[in-house]
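Visitor: I'm passing along upload_1.txt; it holds compact mmCIF, C-alpha atoms.
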# COMPACT_ATOMS: atom_id res chain seq x y z
CA MET A 15 124.29 74.08 64.38
CA ASN A 16 122.61 75.30 61.18
CA ALA A 17 124.19 72.40 59.28
CA GLU A 18 123.04 69.99 61.98
CA ARG A 19 119.51 71.39 61.82
CA ALA A 20 119.42 71.20 58.02
CA ALA A 21 120.66 67.61 58.17
CA ARG A 22 117.95 66.58 60.63
CA ALA A 23 115.34 68.35 58.50
CA ALA A 24 116.51 66.28 55.52
CA LEU A 25 116.51 63.03 57.53
CA SER A 26 112.93 63.66 58.68
CA ALA A 27 111.93 63.97 55.01
CA VAL A 28 113.62 60.82 53.66
CA ALA A 29 113.11 58.29 56.48
CA GLU A 30 110.06 57.15 58.38
CA PRO A 31 109.92 58.50 61.94
CA GLY A 32 111.79 56.67 64.68
CA ASP A 33 113.79 54.30 62.47
CA ALA A 34 116.16 52.41 64.80
CA PHE A 35 118.75 51.83 62.05
CA LEU A 36 118.94 55.53 61.16
CA ASN A 37 119.21 56.47 64.82
CA ARG A 38 122.09 54.03 65.13
CA ILE A 39 123.89 55.82 62.30
CA ILE A 40 123.19 59.21 63.90
CA ASP A 41 124.57 57.98 67.21
CA HIS A 42 127.67 56.72 65.40
CA CYS A 43 128.55 59.75 63.27
CA GLY A 44 126.02 62.51 63.90
CA ALA A 45 123.17 63.81 61.75
CA GLU A 46 125.48 65.31 59.10
CA GLY A 47 127.42 62.07 58.89
CA ALA A 48 124.18 60.10 58.60
CA LEU A 49 123.06 62.32 55.73
CA ASP A 50 126.42 61.81 54.00
CA THR A 51 126.06 58.04 54.51
CA ILE A 52 122.69 58.12 52.74
CA ARG A 53 124.01 60.35 49.95
CA THR A 54 127.06 58.14 49.20
CA GLY A 55 125.67 54.76 50.21
CA ARG A 56 128.91 54.08 52.09
CA PRO A 57 128.57 53.15 55.78
CA PRO A 58 130.87 54.88 58.25
CA ASP A 59 133.84 52.97 59.61
CA GLY A 60 132.91 50.53 62.32
CA LEU A 61 129.27 50.24 61.31
CA GLY A 62 128.58 47.04 59.43
CA LEU A 63 125.53 46.75 57.18
CA GLY A 64 123.45 43.74 56.32
CA GLU A 65 121.40 43.22 53.19
CA LYS A 66 118.28 44.83 54.68
CA GLU A 67 120.22 47.86 55.91
CA SER A 68 121.87 48.34 52.51
CA ALA A 69 118.46 48.21 50.82
CA ARG A 70 117.14 50.78 53.24
CA LEU A 71 120.07 53.10 52.53
CA GLU A 72 119.33 52.86 48.83
CA HIS A 73 115.67 53.64 49.45
CA TRP A 74 116.62 56.74 51.44
CA ARG A 75 119.16 57.80 48.80
CA ILE A 76 116.44 57.76 46.14
CA ARG A 77 114.10 59.79 48.34
CA LEU A 78 116.90 62.24 49.15
CA VAL A 79 116.96 63.33 45.50
CA GLY A 80 113.53 64.89 45.88
CA ALA A 81 114.09 66.28 49.38
CA ALA A 82 114.39 70.04 49.86
CA PRO A 83 115.26 70.66 53.54
CA ASP A 84 116.11 74.33 52.98
CA GLN A 85 112.72 74.87 51.40
CA ASP A 86 111.00 72.93 54.22
CA LEU A 87 112.73 75.14 56.79
CA ALA A 88 111.75 78.29 54.86
CA VAL A 89 108.10 77.20 54.64
CA CYS A 90 108.18 76.34 58.33
CA ALA A 91 109.44 79.81 59.18
CA GLU A 92 106.84 81.49 56.93
CA LEU A 93 104.09 79.64 58.79
CA GLY A 94 105.45 80.73 62.15
CA GLY A 95 106.88 77.31 62.93
CA ARG A 96 110.27 76.04 64.03
CA LEU A 97 112.36 72.89 64.01
CA ILE A 98 113.74 71.71 67.34
CA CYS A 99 116.49 69.14 67.72
CA PRO A 100 117.93 67.08 70.59
CA GLY A 101 119.90 69.41 72.83
CA ASP A 102 117.73 72.46 72.15
CA PRO A 103 116.27 74.16 75.27
CA GLU A 104 112.74 73.32 74.07
CA TRP A 105 113.52 69.63 73.42
CA PRO A 106 111.64 67.41 75.94
CA THR A 107 114.26 65.10 77.44
CA THR A 108 111.57 62.49 78.08
CA LEU A 109 111.80 61.65 74.37
CA ASP A 110 115.22 60.15 75.06
CA ASP A 111 113.40 57.31 76.85
CA LEU A 112 112.51 56.06 73.36
CA GLY A 113 116.14 55.12 72.80
CA GLY A 114 116.71 53.94 69.24
CA GLU A 115 113.19 54.97 68.25
CA ARG A 116 113.41 58.60 69.34
CA PRO A 117 112.56 61.38 66.85
CA TYR A 118 115.33 62.88 64.72
CA ALA A 119 113.75 66.32 65.18
CA LEU A 120 110.33 67.87 65.76
CA TRP A 121 108.49 70.43 63.65
CA LEU A 122 106.47 72.78 65.87
CA ARG A 123 103.91 75.48 65.23
CA GLY A 124 102.47 77.71 67.91
CA PRO A 125 103.58 79.91 70.81
CA GLY A 126 103.65 77.19 73.48
CA ASP A 127 106.96 75.92 74.85
CA LEU A 128 106.89 72.18 74.27
CA ARG A 129 109.29 71.15 77.01
CA ARG A 130 107.68 73.34 79.66
CA SER A 131 104.18 72.28 78.63
CA CYS A 132 105.08 68.61 78.99
CA LEU A 133 106.43 68.88 82.53
CA HIS A 134 102.88 68.35 83.85
CA SER A 135 101.06 66.53 81.09
CA VAL A 136 98.61 63.69 80.63
CA ALA A 137 97.66 61.94 77.39
CA ILE A 138 93.97 61.28 76.76
CA VAL A 139 93.30 59.03 73.77
CA GLY A 140 90.58 56.73 72.53
CA SER A 141 88.27 55.63 69.78
CA ARG A 142 87.52 57.74 66.71
CA ALA A 143 83.98 56.32 66.68
CA ALA A 144 83.34 57.51 70.22
CA SER A 145 79.99 57.29 71.98
CA PRO A 146 78.34 60.38 73.51
CA TYR A 147 79.42 59.00 76.89
CA GLY A 148 83.05 58.77 75.80
CA VAL A 149 83.05 62.26 74.27
CA HIS A 150 81.61 63.71 77.47
CA VAL A 151 84.11 61.91 79.72
CA ALA A 152 87.10 62.93 77.57
CA ALA A 153 86.05 66.59 77.45
CA GLU A 154 85.24 66.68 81.16
CA PHE A 155 88.52 65.05 82.20
CA ALA A 156 90.51 67.40 79.95
CA ALA A 157 88.77 70.54 81.19
CA GLU A 158 89.24 69.60 84.84
CA LEU A 159 92.89 68.62 84.28
CA ALA A 160 93.44 71.97 82.56
CA ASP A 161 91.83 73.76 85.51
CA SER A 162 94.31 71.93 87.75
CA GLY A 163 97.30 73.11 85.70
CA TRP A 164 97.91 70.02 83.56
CA THR A 165 98.57 69.92 79.82
CA VAL A 166 96.46 67.50 77.78
CA ILE A 167 98.22 65.64 74.96
CA SER A 168 96.41 63.68 72.26
CA GLY A 169 96.54 62.82 68.58
CA GLY A 170 94.18 65.35 66.96
CA ALA A 171 91.92 62.60 65.59
CA LEU A 172 88.13 62.49 65.56
CA GLY A 173 86.21 61.24 68.58
CA ILE A 174 88.00 61.04 71.92
CA ASP A 175 91.12 62.95 70.78
CA ALA A 176 89.16 65.95 69.52
CA ALA A 177 86.94 65.95 72.61
CA ALA A 178 90.01 66.03 74.88
CA HIS A 179 91.55 68.93 72.94
CA ARG A 180 88.29 70.89 73.00
CA GLY A 181 87.77 70.26 76.70
CA SER A 182 91.19 71.66 77.53
CA LEU A 183 90.69 74.70 75.30
CA ALA A 184 87.29 75.34 76.91
CA ALA A 185 89.10 75.64 80.25
CA ASN A 186 91.76 77.92 78.71
CA GLY A 187 94.38 75.23 79.20
CA PRO A 188 97.25 74.11 76.95
CA THR A 189 96.65 71.09 74.77
CA ILE A 190 99.13 69.49 72.35
CA PRO A 191 98.28 67.37 69.30
CA VAL A 192 100.97 65.01 68.02
CA LEU A 193 100.26 64.74 64.29
CA ALA A 194 100.96 62.01 61.76
CA ASN A 195 101.34 64.64 59.01
CA GLY A 196 102.86 68.07 58.51
CA PHE A 197 101.50 70.72 60.84
CA ASP A 198 100.12 72.64 57.84
CA VAL A 199 98.04 69.69 56.58
CA PRO A 200 94.71 69.60 58.46
CA TYR A 201 93.83 65.94 58.93
CA PRO A 202 91.08 65.15 59.48
CA ALA A 203 89.78 68.14 57.54
CA SER A 204 86.78 68.50 59.85
CA ASN A 205 89.19 69.41 62.66
CA GLU A 206 90.81 72.25 60.70
CA GLY A 207 89.33 74.91 62.98
CA LEU A 208 90.47 72.99 66.06
CA PHE A 209 94.04 72.77 64.72
CA ALA A 210 94.03 76.49 63.97
CA GLU A 211 92.93 77.30 67.51
CA MET A 212 95.57 75.01 69.03
CA ALA A 213 98.25 76.59 66.81
CA ARG A 214 97.14 80.02 68.03
CA ARG A 215 97.06 79.15 71.73
CA SER A 216 99.34 76.15 72.24
CA VAL A 217 101.66 74.15 69.95
CA LEU A 218 101.28 71.58 67.16
CA VAL A 219 103.87 68.77 67.02
CA SER A 220 104.95 66.67 64.04
CA GLU A 221 107.93 64.52 63.09
CA SER A 222 107.35 65.26 59.41
CA PRO A 223 108.14 68.43 57.40
CA PRO A 224 105.39 70.82 56.27
CA GLY A 225 103.31 69.49 53.41
CA THR A 226 103.60 65.83 54.48
CA HIS A 227 100.37 63.87 54.16
CA PRO A 228 99.52 61.07 56.59
CA HIS A 229 99.40 57.35 56.01
CA ARG A 230 98.37 54.48 58.27
CA LEU A 231 101.82 53.55 59.56
CA ARG A 232 102.55 57.08 60.78
CA PHE A 233 99.45 57.10 62.96
CA LEU A 234 100.81 54.11 64.86
CA VAL A 235 104.38 55.43 64.95
CA ARG A 236 103.38 58.83 66.36
CA ASN A 237 101.72 57.08 69.33
CA ARG A 238 105.14 56.48 70.88
CA VAL A 239 105.69 60.26 71.00
CA ILE A 240 102.32 60.82 72.70
CA ALA A 241 103.26 58.26 75.36
CA ALA A 242 106.80 59.61 75.82
CA LEU A 243 105.79 63.27 76.20
CA SER A 244 103.28 62.60 78.99
CA ARG A 245 103.50 61.27 82.52
CA GLY A 246 100.63 58.89 81.93
CA THR A 247 98.02 57.87 79.36
CA VAL A 248 94.26 57.68 79.92
CA ILE A 249 92.27 55.41 77.59
CA VAL A 250 88.68 56.65 77.57
CA GLU A 251 87.22 54.33 74.94
CA ALA A 252 88.94 51.80 72.69
CA GLU A 253 87.65 49.04 70.48
CA ALA A 254 89.28 45.62 70.31
CA ARG A 255 91.58 46.88 67.53
CA SER A 256 92.46 50.45 68.35
CA GLY A 257 95.41 52.78 67.98
CA ALA A 258 94.73 53.90 71.56
CA LEU A 259 95.78 50.45 72.76
CA ASN A 260 99.04 50.92 70.87
CA THR A 261 99.59 54.16 72.80
CA ALA A 262 98.91 52.32 76.06
CA SER A 263 101.42 49.65 75.05
CA TRP A 264 104.07 52.32 74.45
CA ALA A 265 103.26 53.98 77.78
CA ARG A 266 103.78 50.68 79.56
CA ARG A 267 107.08 50.08 77.76
CA LEU A 268 108.26 53.54 78.83
CA ASN A 269 107.22 52.97 82.46
CA ARG A 270 104.49 55.58 82.25
CA VAL A 271 101.19 55.22 84.10
CA VAL A 272 98.44 53.49 82.11
CA MET A 273 94.85 54.34 83.08
CA ALA A 274 91.48 53.37 81.62
CA VAL A 275 87.90 54.58 82.07
CA PRO A 276 85.25 51.85 82.35
CA GLY A 277 82.28 51.86 80.00
CA HIS A 278 79.22 49.73 79.34
CA VAL A 279 80.06 46.03 79.28
CA THR A 280 77.93 45.74 76.13
CA SER A 281 79.61 48.66 74.34
CA ARG A 282 81.92 47.80 71.44
CA THR A 283 83.84 51.03 71.99
CA SER A 284 84.88 49.93 75.49
CA VAL A 285 86.07 46.39 74.70
CA GLY A 286 89.70 47.47 74.47
CA ALA A 287 89.55 49.62 77.62
CA HIS A 288 88.04 46.75 79.59
CA ARG A 289 90.74 44.40 78.31
CA LEU A 290 93.35 46.85 79.58
CA LEU A 291 91.66 46.96 82.97
CA ARG A 292 92.08 43.19 83.26
CA GLU A 293 95.82 43.55 82.77
CA GLU A 294 98.12 44.04 85.72
CA GLY A 295 99.31 47.60 86.14
CA THR A 296 96.33 49.39 84.55
CA LEU A 297 94.56 51.82 86.89
CA LEU A 298 90.80 52.31 86.76
CA VAL A 299 89.96 56.02 86.86
CA THR A 300 86.57 57.69 87.03
CA ARG A 301 87.55 61.24 88.07
CA HIS A 302 90.27 63.67 87.08
CA GLU A 303 91.47 63.70 90.70
CA GLU A 304 92.32 60.02 90.38
CA VAL A 305 94.35 60.77 87.24
CA ILE A 306 96.31 63.49 89.04
CA GLU A 307 96.88 61.18 91.99
CA ALA A 308 98.37 58.57 89.64
CA VAL A 309 100.75 60.92 87.80
CA GLY A 310 101.31 63.69 90.36
CA ARG A 311 103.60 64.05 93.34
CA ILE A 312 103.50 61.13 95.74
CA GLY A 313 101.66 62.12 98.91
CA ASP A 314 100.75 65.60 97.67
CA ASP A 315 98.24 64.97 94.86
CA LEU A 316 95.97 62.48 96.58
CA ALA A 317 92.42 62.29 95.24
CA PRO A 318 89.78 63.30 97.80
CA ALA A 319 87.30 60.62 98.77
CA PRO A 320 84.00 60.84 96.85
CA GLN A 321 81.43 62.78 98.84
CA THR A 322 78.16 61.03 99.64
CA PRO A 323 75.00 63.14 99.72
CA VAL A 324 73.78 64.34 103.13
CA LEU A 325 70.16 63.25 103.59
CA PRO A 326 67.61 64.84 105.97
CA ARG A 327 67.55 61.66 108.07
CA ASP A 328 71.33 62.01 108.59
CA ARG A 329 70.64 65.11 110.71
CA LEU A 330 68.35 63.23 113.13
CA ASP A 331 69.63 62.31 116.56
CA PRO A 332 70.40 58.59 117.07
CA VAL A 333 67.21 57.77 119.00
CA THR A 334 64.93 59.50 116.50
CA ARG A 335 66.75 57.78 113.63
CA SER A 336 66.32 54.37 115.28
CA VAL A 337 62.59 55.00 115.61
CA LEU A 338 62.37 55.97 111.94
CA GLU A 339 64.29 52.87 110.87
CA SER A 340 61.84 50.72 112.80
CA PHE A 341 59.03 51.65 110.39
CA PRO A 342 58.14 49.01 107.80
CA SER A 343 58.63 50.02 104.16
CA ARG A 344 54.96 49.26 103.51
CA GLY A 345 51.86 49.35 105.69
CA THR A 346 51.21 50.98 109.04
CA VAL A 347 52.46 50.46 112.57
CA GLY A 348 51.34 51.50 116.03
CA PRO A 349 53.34 53.16 118.83
CA ALA A 350 53.51 49.98 120.93
CA GLN A 351 54.95 47.99 118.03
CA LEU A 352 57.52 50.70 117.39
CA ALA A 353 58.52 50.77 121.05
CA ALA A 354 59.11 47.02 121.04
CA LYS A 355 61.06 47.04 117.80
CA ALA A 356 63.18 50.11 118.60
CA GLY A 357 63.67 49.22 122.26
CA VAL A 358 62.50 52.65 123.34
CA PRO A 359 59.92 53.55 126.05
CA LEU A 360 56.42 54.34 124.79
CA SER A 361 56.63 57.88 126.15
CA VAL A 362 59.72 58.50 124.04
CA ILE A 363 58.02 56.97 120.99
CA ASN A 364 55.09 59.37 121.28
CA ALA A 365 57.48 62.33 121.44
CA LYS A 366 59.53 61.14 118.48
CA LEU A 367 56.45 60.49 116.36
CA GLY A 368 55.58 64.19 116.58
CA LEU A 369 59.12 65.18 115.50
CA LEU A 370 59.13 62.75 112.60
CA ALA A 371 55.71 63.90 111.42
CA ALA A 372 56.80 67.54 111.56
CA GLY A 373 59.86 66.67 109.50
CA GLY A 374 57.77 65.04 106.77
CA PHE A 375 59.10 61.52 107.41
CA ILE A 376 55.82 59.91 108.58
CA GLU A 377 52.09 60.57 108.44
CA ARG A 378 48.97 59.39 110.25
CA ALA A 379 46.94 56.58 108.75
CA PRO A 380 43.58 55.07 109.83
CA ALA A 381 45.39 52.13 111.48
CA GLY A 382 48.46 53.90 112.87
CA TRP A 383 51.52 55.58 111.33
CA ARG A 384 53.28 55.04 108.02
CA LEU A 385 56.23 56.40 106.03
CA THR A 386 55.57 59.26 103.64
CA PRO A 387 56.35 58.77 99.92
CA ALA A 388 59.31 61.18 100.29
CA ALA A 389 60.80 59.10 103.11
CA LYS A 390 60.56 55.94 101.01
CA ALA A 391 62.15 57.50 97.90
CA PRO A 392 65.74 56.46 97.16
CA PRO A 393 68.40 59.10 97.85
CA PRO A 394 69.27 61.29 94.85
CA GLU A 395 72.61 60.67 93.17
CA PRO A 396 75.12 63.52 93.58
CA ARG A 397 75.41 65.66 90.48
CA PRO A 398 79.05 66.27 89.63
CA SER A 399 80.18 69.77 88.83
CA SER A 400 80.91 70.06 85.13
CA THR A 401 81.88 72.55 82.50
CA THR A 402 79.78 70.84 79.88
CA GLU A 403 76.30 69.39 80.01
CA ALA A 404 76.46 65.71 80.90
CA THR A 405 75.43 63.25 78.22
CA PRO A 406 74.32 59.89 79.64
CA PRO A 407 75.70 56.75 78.07
CA ASP A 408 73.60 54.82 75.58
CA THR A 409 71.52 52.05 77.13
So, in terms of structure tokens, how does the structure I just supplied come out?

Guide:
Amino acid sequence: MNAERAARAALSAVAEPGDAFLNRIIDHCGAEGALDTIRTGRPPDGLGLGEKESARLEHWRIRLVGAAPDQDLAVCAELGGRLICPGDPEWPTTLDDLGGERPYALWLRGPGDLRRSCLHSVAIVGSRAASPYGVHVAAEFAAELADSGWTVISGGALGIDAAAHRGSLAANGPTIPVLANGFDVPYPASNEGLFAEMARRSVLVSESPPGTHPHRLRFLVRNRVIAALSRGTVIVEAEARSGALNTASWARRLNRVVMAVPGHVTSRTSVGAHRLLREEGTLLVTRHEEVIEAVGRIGDDLAPAPQTPVLPRDRLDPVTRSVLESFPSRGTVGPAQLAAKAGVPLSVINAKLGLLAAGGFIERAPAGWRLTPAAKAPPPEPRPSSTTEATPPDT
């Protein structure tokens, strides 16, 4: 097993993550055999190579000269990390859904158990250039999901990703970043403190050895791991060209639930999310309960219906309420007019007028009765419970 682990450590250093050709070699002759194939340039029996495959083998052979898997494993251990491979107890079996594009191994840092953490997990991803609205929604969703026992997975980037990680940490919940670089390379640098806190309380995940710096392709490639580890992916904000849309595409390919949060129709950061919502199979979510309903146990994790505010007029008896609703929104009215409009005897009207006046719904005027300003005011919107102060969207 040590030889197998060392071979997979070497493969993760010489090849780009999730290479289907390399995974085909591993399936054919194992990780050690794949490493020997790269070292010698000779394909194993029964595995034919085309011109492109031969060129790729040569590319890997050149990179293998500078690889130092033993040193990578030693540095990993010094930093309190570990390398997990397929078949290990901590290996999430959901990664096998990636087929030929599955990881060769994963470099982890932190006390959290990756497989156990991913059993109830949701990915929250979105735009790096997030609006205050998007940042608030991502943090709020993550905190409430964490309170409900769900792990939040994201990519550790600026904007929506960082807000989701921070929201989960604020609720003392586990949150997992899937990195496009080594777990000891803080990228972006402004999130260094966030990565340190996640490494202390949860677990960092990377397909690349320590010391690996990111490049553009790896940000897209790591999205497949985010989608595979979670039961569903929530897109909070995404521009027309966004890596978050790539994550949603992977989630759909893996038969995971794809969800999106609506934003302003004039907002550039919501163009991609709105495009997803027009596609069949995308669920619109506005509350964390709706996310849990989509990814949780069928019949057990249903989202409660939104509660409407109870107004003072809701507590009136039916006759009194009908008298109140007979008042015009402007101007005054007399008892006889009210009796005719409400279909109630004049004696009842006179009794109800006293009740409504005592309740602050109506008041006397020189020419009759009229609604008070409080009775004409629109009902207040319910204020959701939150762990962070709400930030309204830009208008």

Visitor: Kindly give the distance, in Å, that separates CA of Ala371 (chain A) and CA of Val358 (chain A), rounded to a single decimal.

Guide: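 Rounded to one decimal, the two atoms are 17.7 Å apart.
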
Visitor: Which value, in Å to one decimal, gives the distance between CA of Arg301 (chain A) and CA of Phe155 (chain A)?

Guide: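 Those two atoms sit 7.1 Å apart.
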
Visitor: Could you pull the residues within 9 Å of Ser131 (chain A), counting all atoms listed in the file, minus those fewer than 5 positions along the same chain, as a PyMOL selection string?

Guide: chain A and resi 126+164-165+188-190+216

Visitor: Restricting the calculation to all atoms listed in the file, which member of A:Gly114, A:Gly148, A:Gly382, A:Gly169 is positioned closest to Val250 (chain A)?

Guide: A:Gly148

Visitor: Select, from A:Gly64, A:Pro117, A:Gly101, A:Pro349, the residue with the minimum atom-to-atom distance to Gly368 (chain A), counting only C-alpha atoms.

Guide: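 Among the listed residues, A:Pro349 lies closest to Gly368 (chain A).
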
Visitor: Please, what distance in Å, to one decimal, runs between CA of Ala34 (chain A) and CA of Leu112 (chain A)?

Guide: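 According to the coordinates, CA of Ala34 (chain A) and CA of Leu112 (chain A) are separated by 10.0 Å.
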
Visitor: Could you name the residues that touch region 237-242 of chain A at 9 Å or less, counting all atoms listed in the file, but leaving out those on the same chain fewer than 3 positions away, as a ChimeraX atom specification?

Guide: /A:108-112,115-117,136-137,167-169,191-192,232-234,245-247,257-258,260-266,268,270

Visitor: Please determine, counting only C-alpha atoms, which residue among A:Gly357, A:Pro83, A:Pro223, A:Gly163 has the shortest atom-to-atom distance to Gly310 (chain A).

Guide: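 Selected residue with least distance to Gly310 (chain A): A:Gly163.
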
Visitor: Given all atoms listed in the file as the basis, pick out the residue of A:Pro332, A:Glu377, A:Leu61, A:Thr283 nearest to Pro146 (chain A).

Guide: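 So, comparing all the options, the nearest one is A:Thr283.
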
Visitor: Using only C-alpha atoms, which of A:Ala365, A:Arg38, A:Gly94, A:Val79 sits nearest Gly60 (chain A)?

Guide: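 Checking each candidate against Gly60 (chain A), we get A:Arg38 as the closest.
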
Visitor: Using all atoms listed in the file, can you tell me which of A:Leu71, A:Leu338, A:Ile76, A:Ala48 comes closest to Gly373 (chain A)?

Guide: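 Among A:Leu71, A:Leu338, A:Ile76, A:Ala48, it is A:Leu338 that comes nearest to Gly373 (chain A).
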
Visitor: At a cut-off of 12 Å around the point (100.7, 77.9, 67.7) (file coordinates), what residues fall inside when counting all atoms listed in the file? I'd like the answer as an mmCIF file with C-alpha atoms, keeping the file's coordinate frame.

Guide:
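The resulting file, part_30.cif, is reproduced below:
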data_model
loop_
_atom_site.group_PDB
_atom_site.id
_atom_site.type_symbol
_atom_site.label_atom_id
_atom_site.label_comp_id
_atom_site.auth_asym_id
_atom_site.auth_seq_id
_atom_site.Cartn_x
_atom_site.Cartn_y
_atom_site.Cartn_z
ATOM 1 C CA LEU A 93 104.090 79.640 58.790
ATOM 2 C CA GLY A 94 105.450 80.730 62.150
ATOM 3 C CA GLY A 95 106.880 77.310 62.930
ATOM 4 C CA ARG A 96 110.270 76.040 64.030
ATOM 5 C CA TRP A 121 108.490 70.430 63.650
ATOM 6 C CA LEU A 122 106.470 72.780 65.870
ATOM 7 C CA ARG A 123 103.910 75.480 65.230
ATOM 8 C CA GLY A 124 102.470 77.710 67.910
ATOM 9 C CA PRO A 125 103.580 79.910 70.810
ATOM 10 C CA GLY A 126 103.650 77.190 73.480
ATOM 11 C CA ASP A 127 106.960 75.920 74.850
ATOM 12 C CA LEU A 128 106.890 72.180 74.270
ATOM 13 C CA PRO A 188 97.250 74.110 76.950
ATOM 14 C CA THR A 189 96.650 71.090 74.770
ATOM 15 C CA ILE A 190 99.130 69.490 72.350
ATOM 16 C CA PRO A 191 98.280 67.370 69.300
ATOM 17 C CA PHE A 197 101.500 70.720 60.840
ATOM 18 C CA ASP A 198 100.120 72.640 57.840
ATOM 19 C CA LEU A 208 90.470 72.990 66.060
ATOM 20 C CA PHE A 209 94.040 72.770 64.720
ATOM 21 C CA ALA A 210 94.030 76.490 63.970
ATOM 22 C CA GLU A 211 92.930 77.300 67.510
ATOM 23 C CA MET A 212 95.570 75.010 69.030
ATOM 24 C CA ALA A 213 98.250 76.590 66.810
ATOM 25 C CA ARG A 214 97.140 80.020 68.030
ATOM 26 C CA ARG A 215 97.060 79.150 71.730
ATOM 27 C CA SER A 216 99.340 76.150 72.240
ATOM 28 C CA VAL A 217 101.660 74.150 69.950
ATOM 29 C CA LEU A 218 101.280 71.580 67.160
ATOM 30 C CA VAL A 219 103.870 68.770 67.020
#

Visitor: Taking (54.6, 60.1, 104.8) in the coordinates of the supplied file, I want to know which residues reach to within 6 Å of it, counting only C-alpha atoms; could you give the answer as a list in words?

Guide: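 Residues with an atom at most 6 Å from (54.6, 60.1, 104.8): Phe375, Ile376, Glu377, Leu385, Thr386 and Pro387 of chain A.
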
Visitor: What's around Ala17 (chain A) at 10 Å? Count only C-alpha atoms, leave out sequence neighbours fewer than 5 positions away in its own chain, and write the answer as a PDB file with C-alpha atoms, in the frame of the given file.

Guide:
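File selection_17.pdb, as written:
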ATOM      1  CA  ARG A  22     117.950  66.580  60.630  1.00  0.00           C
ATOM      2  CA  ALA A  23     115.340  68.350  58.500  1.00  0.00           C
ATOM      3  CA  ALA A  45     123.170  63.810  61.750  1.00  0.00           C
ATOM      4  CA  GLU A  46     125.480  65.310  59.100  1.00  0.00           C
TER       5      GLU A  46
END
